[in-house]
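Trainee: Mind having a look at this structure? Questions to follow.
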There are 2 protein chains.
Amino acid sequence: MEIVDLSTLPDAETRYTEFLKQVCEKHDMDHAAYAGMNPASGTVAGFVTYDDAWTEHYQNQGLIMIDPTIHMARRSIAPVDWSRLERGPEFQRMFNDASEFGISNQGVTIPVRGPFGDIGLLSASRDCSKEEWRKLYTHVIGDLQSMAVHIHDHVVSSDEVTSALYHPNLSTREVEILQWVAAGKSQQDIGDILSISHRTVEVHLRSSREKLSALTTPQAVGRAIAIGLITPS
Amino acid sequence: MEIVDLSTLPDAETRYTEFLKQVCEKHDMDHAAYAGMNPASGTVAGFVTYDDAWTEHYQNQGLIMIDPTIHMARRSIAPVDWSRLERGPEFQRMFNDASEFGISNQGVTIPVRGPFGDIGLLSASRDCSKEEWRKLYTHVIGDLQSMAVHIHDHVVSSDEVTSALYHPNLSTREVEILQWVAAGKSQQDIGDILSISHRTVEVHLRSSREKLSALTTPQAVGRAIAIGLITPS
DNA sequence: GCCAAAATACGGGAAACCCCCAATAGAAAA
DNA sequence: TTTTCTATTGGGGGTTTCCCGTATTTTGGC
């Protein structure tokens, strides 16, 4: 996955980081971090309040691949309290490293999903006693959830790459045919349904593949679903 | 904030309806409704605090097809305040009917998405002045968002159909190959990548199609994505 | 209006895919 | 131990898809 550099946009980077800092202040958190992903474009956008040292270490060590908070939150609907994560080797490695950079292993990660397969993760952490954390958690979880939705909504709508992928310029015929393909119809079937030659169906399908930068029709169907052009059936 | 534990209450239907009633009481709402959908299974689960008369009318008239709150929320990340909906003919028809059953056109719909293409919509409405609504809205939106996540999480994990579809019995090899197909590889490519014959690849693919009840490979890819078995790439 | 680009439409031939069949080895279940 | 299931490979042959063309209509910009 390639990391999108949003700093090309004037003050987006600082704006979001500032937002995270405000979240920390308001809810008594030490640190906050946001990561937004779009499976279709394969892009990742991230903003953190951590020191550069930890961010650098995180990237250099490829911790994103083993980060248990991300692993869990990607599969969850509800917020993931880090205290409920499985204490596996990944967890140990990750949080041993983190503690060296002064980062607590008490925190929460909130997943937010958009309609097009995009997902945003808002994490917040604080070093304190277990009781204190429990109190804090139940007190701020509602607000944090709103914050997560808020930042993901903004990031998604301001990301040019994502926006472009949200609305590829497929003709109605192309979408129509792609939808039938996803429904399990053959080109001949679709031709009969639409009263056109199966040759023509194939042309539209090829054009769809090109516009979605897909090598094969199955890949094109996958991408069309991911960006909400069609629905599985 | 105390969250009502959904797992304590007896049977599903009354449990969820009871939960919605509690949400109403707690947040000064007239009515609340939840609708959960899974595009893969095509199942819809609904729980409401409305009178049976309105529910019946809603279904008989097929209002779900034109309901602007659903239309909008399905495409949104953030909560949708009904006051910001476009005042089109659908809106008029819908809320004219609704007012006859004593239902306000002041409300909010909160979308919640799971990792497998499932989506839940929690709606709450209240008849009051605009100022009062605005105040109420900003005050309870965080809590409502938590409630939405809470109920969707429970509905999804308790729905047998959904659960079954979440974990179809595909072998690791089959999933592996399906993932490569979604990545745009040909059967020959995949055979080379996995160091097996392209014949074998085709067998696994066929088996995958059968297990997913798919007529074609593109359809199988679509379904596998919809249920989170693989990710688009 | 005019021209370029895109959308829509059709066909031949080569490549890929899919379905029928059979067969082996190993793992898991009975 | 026997049986069943999974993973693997293969042949033959029909079907489908894909790449190469061409042609007409529609759309959009100057």
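For the structure tokens, the naming scheme is as follows: chains receive sequential letters (A, B, ...) according to their order of presentation, residues are indexed from 1 within each chain, and ligands are indexed from 1 in presentation order.
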Taking only C-alpha atoms (C1' of nucleotides) into account and nothing else, which residues of chain C lie no more than 9 Å away from chain A? Please answer as a PDB file with N, CA and C atoms (P, O5', C5', C4', C3', O3' and C1' of nucleotides), in the first residue's frame.
Mentor:
ATOM      1  P    DA C   7     -17.730   6.955 -22.786  1.00  0.00           P
ATOM      2  O5'  DA C   7     -19.009   6.528 -23.631  1.00  0.00           O
ATOM      3  C5'  DA C   7     -20.067   7.454 -23.790  1.00  0.00           C
ATOM      4  C4'  DA C   7     -21.137   6.876 -24.702  1.00  0.00           C
ATOM      5  C3'  DA C   7     -21.481   5.407 -24.419  1.00  0.00           C
ATOM      6  O3'  DA C   7     -22.889   5.244 -24.375  1.00  0.00           O
ATOM      7  C1'  DA C   7     -20.924   5.685 -26.696  1.00  0.00           C
ATOM      8  P    DT C   8     -23.460   3.781 -23.963  1.00  0.00           P
ATOM      9  O5'  DT C   8     -23.766   3.071 -25.347  1.00  0.00           O
ATOM     10  C5'  DT C   8     -24.694   3.650 -26.259  1.00  0.00           C
ATOM     11  C4'  DT C   8     -24.644   2.949 -27.591  1.00  0.00           C
ATOM     12  C3'  DT C   8     -24.782   1.423 -27.515  1.00  0.00           C
ATOM     13  O3'  DT C   8     -26.043   1.017 -28.027  1.00  0.00           O
ATOM     14  C1'  DT C   8     -23.111   2.129 -29.081  1.00  0.00           C
ATOM     15  P    DA C   9     -26.394  -0.564 -27.947  1.00  0.00           P
ATOM     16  O5'  DA C   9     -25.755  -1.196 -29.264  1.00  0.00           O
ATOM     17  C5'  DA C   9     -26.167  -0.746 -30.559  1.00  0.00           C
ATOM     18  C4'  DA C   9     -25.282  -1.335 -31.638  1.00  0.00           C
ATOM     19  C3'  DA C   9     -25.061  -2.842 -31.530  1.00  0.00           C
ATOM     20  O3'  DA C   9     -25.905  -3.542 -32.433  1.00  0.00           O
ATOM     21  C1'  DA C   9     -23.103  -1.645 -32.210  1.00  0.00           C
ATOM     22  P    DC C  10     -26.003  -5.119 -32.285  1.00  0.00           P
ATOM     23  O5'  DC C  10     -24.835  -5.672 -33.237  1.00  0.00           O
ATOM     24  C5'  DC C  10     -24.841  -5.371 -34.632  1.00  0.00           C
ATOM     25  C4'  DC C  10     -23.571  -5.884 -35.280  1.00  0.00           C
ATOM     26  C3'  DC C  10     -23.259  -7.355 -35.024  1.00  0.00           C
ATOM     27  O3'  DC C  10     -23.355  -8.091 -36.232  1.00  0.00           O
ATOM     28  C1'  DC C  10     -21.318  -5.993 -34.833  1.00  0.00           C
ATOM     29  P    DG C  11     -23.208  -9.681 -36.211  1.00  0.00           P
ATOM     30  O5'  DG C  11     -21.674  -9.943 -36.557  1.00  0.00           O
ATOM     31  C5'  DG C  11     -21.145  -9.534 -37.819  1.00  0.00           C
ATOM     32  C4'  DG C  11     -19.677  -9.890 -37.891  1.00  0.00           C
ATOM     33  C3'  DG C  11     -19.352 -11.336 -37.485  1.00  0.00           C
ATOM     34  O3'  DG C  11     -18.598 -11.958 -38.511  1.00  0.00           O
ATOM     35  C1'  DG C  11     -17.929  -9.806 -36.371  1.00  0.00           C
TER      36       DG C  11
END
Trainee: Could you pull out the residues in segment 47-231 of chain B that DSSP calls alpha helix (DSSP H) from the backbone, as a PyMOL selection string?
Mentor: chain B and resi 52-60+68-74+89-100+130-158+160-166+172-182+187-194+198-211+217-226
Trainee: I'd like the neighbourhood of DA14 of chain C as a PDB file with N, CA and C atoms (P, O5', C5', C4', C3', O3' and C1' of nucleotides), in the first residue's frame, where a residue qualifies if any of its atoms comes within 12 Å (using only C-alpha atoms (C1' of nucleotides)), though same-chain residues fewer than 5 positions away should be ignored.
Mentor:
ATOM      1  P    DT D  17     -19.108 -14.953 -20.968  1.00  0.00           P
ATOM      2  O5'  DT D  17     -17.579 -14.538 -21.181  1.00  0.00           O
ATOM      3  C5'  DT D  17     -16.588 -15.140 -20.359  1.00  0.00           C
ATOM      4  C4'  DT D  17     -15.208 -14.796 -20.869  1.00  0.00           C
ATOM      5  C3'  DT D  17     -14.949 -13.302 -21.059  1.00  0.00           C
ATOM      6  O3'  DT D  17     -13.737 -12.974 -20.415  1.00  0.00           O
ATOM      7  C1'  DT D  17     -14.336 -14.496 -23.000  1.00  0.00           C
ATOM      8  P    DC D  18     -13.346 -11.439 -20.197  1.00  0.00           P
ATOM      9  O5'  DC D  18     -12.309 -11.183 -21.386  1.00  0.00           O
ATOM     10  C5'  DC D  18     -11.090 -11.914 -21.415  1.00  0.00           C
ATOM     11  C4'  DC D  18     -10.380 -11.716 -22.742  1.00  0.00           C
ATOM     12  C3'  DC D  18     -10.159 -10.250 -23.147  1.00  0.00           C
ATOM     13  O3'  DC D  18      -8.766  -9.983 -23.234  1.00  0.00           O
ATOM     14  C1'  DC D  18     -10.961 -11.566 -24.965  1.00  0.00           C
ATOM     15  P    DC D  19      -8.268  -8.500 -23.439  1.00  0.00           P
ATOM     16  O5'  DC D  19      -7.843  -8.438 -24.982  1.00  0.00           O
ATOM     17  C5'  DC D  19      -6.722  -9.202 -25.440  1.00  0.00           C
ATOM     18  C4'  DC D  19      -6.631  -9.137 -26.951  1.00  0.00           C
ATOM     19  C3'  DC D  19      -6.527  -7.707 -27.511  1.00  0.00           C
ATOM     20  O3'  DC D  19      -5.443  -7.620 -28.431  1.00  0.00           O
ATOM     21  C1'  DC D  19      -8.258  -8.891 -28.590  1.00  0.00           C
ATOM     22  P    DC D  20      -5.022  -6.152 -28.990  1.00  0.00           P
ATOM     23  O5'  DC D  20      -5.669  -6.164 -30.459  1.00  0.00           O
ATOM     24  C5'  DC D  20      -5.013  -6.900 -31.494  1.00  0.00           C
ATOM     25  C4'  DC D  20      -5.927  -7.081 -32.683  1.00  0.00           C
ATOM     26  C3'  DC D  20      -6.409  -5.795 -33.347  1.00  0.00           C
ATOM     27  O3'  DC D  20      -5.426  -5.314 -34.252  1.00  0.00           O
ATOM     28  C1'  DC D  20      -8.172  -7.425 -33.191  1.00  0.00           C
TER      29       DC D  20
END
Trainee: When distances are computed from only C-alpha atoms (C1' of nucleotides), which of A:Pro111, A:Pro218, A:Gly36, A:Gly46 shows the smallest separation from chain D?
Mentor: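 Of A:Pro111, A:Pro218, A:Gly36, A:Gly46, the one nearest chain D, counting only C-alpha atoms (C1' of nucleotides), is A:Pro218.
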Trainee: For chain D against chain B, which residues fall within 8 Å using only C-alpha atoms (C1' of nucleotides), given as a ChimeraX atom specification?
Mentor: /D:8-10
Trainee: Using only C-alpha atoms, tabulate the residues of chain A lying at most 7 Å from any atom of chain B, each with its closest atom pair and that distance in Å to one decimal, by chain and increasing residue number, as JSON lines.
Mentor:
{"residue": "A:Pro39", "atom": "CA", "partner": "B:Pro232", "partner_atom": "CA", "distance": 6.3}
{"residue": "A:Ala40", "atom": "CA", "partner": "B:Ser233", "partner_atom": "CA", "distance": 5.9}
{"residue": "A:Arg74", "atom": "CA", "partner": "B:Pro115", "partner_atom": "CA", "distance": 6.9}
{"residue": "A:Arg75", "atom": "CA", "partner": "B:Pro115", "partner_atom": "CA", "distance": 5.7}
{"residue": "A:Ser76", "atom": "CA", "partner": "B:Pro115", "partner_atom": "CA", "distance": 6.7}
{"residue": "A:Ile77", "atom": "CA", "partner": "B:Gly114", "partner_atom": "CA", "distance": 5.2}
{"residue": "A:Ala78", "atom": "CA", "partner": "B:Val149", "partner_atom": "CA", "distance": 5.9}
{"residue": "A:Arg113", "atom": "CA", "partner": "B:Arg113", "partner_atom": "CA", "distance": 5.6}
{"residue": "A:Gly114", "atom": "CA", "partner": "B:Ile77", "partner_atom": "CA", "distance": 5.2}
{"residue": "A:Pro115", "atom": "CA", "partner": "B:Arg75", "partner_atom": "CA", "distance": 5.7}
{"residue": "A:Thr138", "atom": "CA", "partner": "B:Met1", "partner_atom": "CA", "distance": 5.9}
{"residue": "A:His139", "atom": "CA", "partner": "B:Met1", "partner_atom": "CA", "distance": 5.9}
{"residue": "A:Gly142", "atom": "CA", "partner": "B:Gly142", "partner_atom": "CA", "distance": 4.6}
{"residue": "A:Asp143", "atom": "CA", "partner": "B:Gly142", "partner_atom": "CA", "distance": 5.1}
{"residue": "A:Gln145", "atom": "CA", "partner": "B:Gly142", "partner_atom": "CA", "distance": 6.8}
{"residue": "A:Ser146", "atom": "CA", "partner": "B:Gly142", "partner_atom": "CA", "distance": 5.5}
{"residue": "A:Val149", "atom": "CA", "partner": "B:Ala78", "partner_atom": "CA", "distance": 5.9}
{"residue": "A:His150", "atom": "CA", "partner": "B:Ala78", "partner_atom": "CA", "distance": 6.8}
{"residue": "A:Asp153", "atom": "CA", "partner": "B:Ile77", "partner_atom": "CA", "distance": 6.0}
{"residue": "A:Val181", "atom": "CA", "partner": "B:Pro218", "partner_atom": "CA", "distance": 6.7}
{"residue": "A:Ala182", "atom": "CA", "partner": "B:Gln219", "partner_atom": "CA", "distance": 4.6}
{"residue": "A:Ala183", "atom": "CA", "partner": "B:Gln219", "partner_atom": "CA", "distance": 5.8}
{"residue": "A:Gly184", "atom": "CA", "partner": "B:Gln219", "partner_atom": "CA", "distance": 5.0}
{"residue": "A:Ala214", "atom": "CA", "partner": "B:Gly184", "partner_atom": "CA", "distance": 6.6}
{"residue": "A:Leu215", "atom": "CA", "partner": "B:Gly184", "partner_atom": "CA", "distance": 5.0}
{"residue": "A:Thr216", "atom": "CA", "partner": "B:Gly184", "partner_atom": "CA", "distance": 5.0}
{"residue": "A:Thr217", "atom": "CA", "partner": "B:Pro218", "partner_atom": "CA", "distance": 6.7}
{"residue": "A:Pro218", "atom": "CA", "partner": "B:Pro218", "partner_atom": "CA", "distance": 4.3}
{"residue": "A:Gln219", "atom": "CA", "partner": "B:Ala182", "partner_atom": "CA", "distance": 4.5}
{"residue": "A:Val221", "atom": "CA", "partner": "B:Pro218", "partner_atom": "CA", "distance": 6.3}
{"residue": "A:Gly222", "atom": "CA", "partner": "B:Pro232", "partner_atom": "CA", "distance": 5.2}
{"residue": "A:Arg223", "atom": "CA", "partner": "B:Pro232", "partner_atom": "CA", "distance": 5.9}
{"residue": "A:Ala226", "atom": "CA", "partner": "B:Pro232", "partner_atom": "CA", "distance": 6.6}
{"residue": "A:Pro232", "atom": "CA", "partner": "B:Gly222", "partner_atom": "CA", "distance": 5.3}
{"residue": "A:Ser233", "atom": "CA", "partner": "B:Ala40", "partner_atom": "CA", "distance": 6.3}
Trainee: Could you check the closest approach to DC3 of chain C for each of D:DG21, D:DG29, D:DG11, D:DT2 and tell me which residue wins, using only C-alpha atoms (C1' of nucleotides)?
Mentor: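 Nearest to DC3 of chain C: D:DG29.
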Trainee: Could you please determine the separation between atom CA of Pro89 of chain B and atom CA of Asp30 of chain B in Å, to one decimal place?
Mentor: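 About the pair atom CA of Pro89 of chain B and atom CA of Asp30 of chain B: they are 24.9 Å apart.
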Trainee: If we count only C-alpha atoms (C1' of nucleotides), what is near DT15 of chain D at a cut-off of 12 Å, once residues fewer than 2 positions away on the same chain are taken out, given as a list in words?
Mentor: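 Residues meeting the cut-off are Ser186, Gln187 and Gln188 of chain A; DA16, DC17, DC18 and DC19 of chain C; DG13 and DT17 of chain D.
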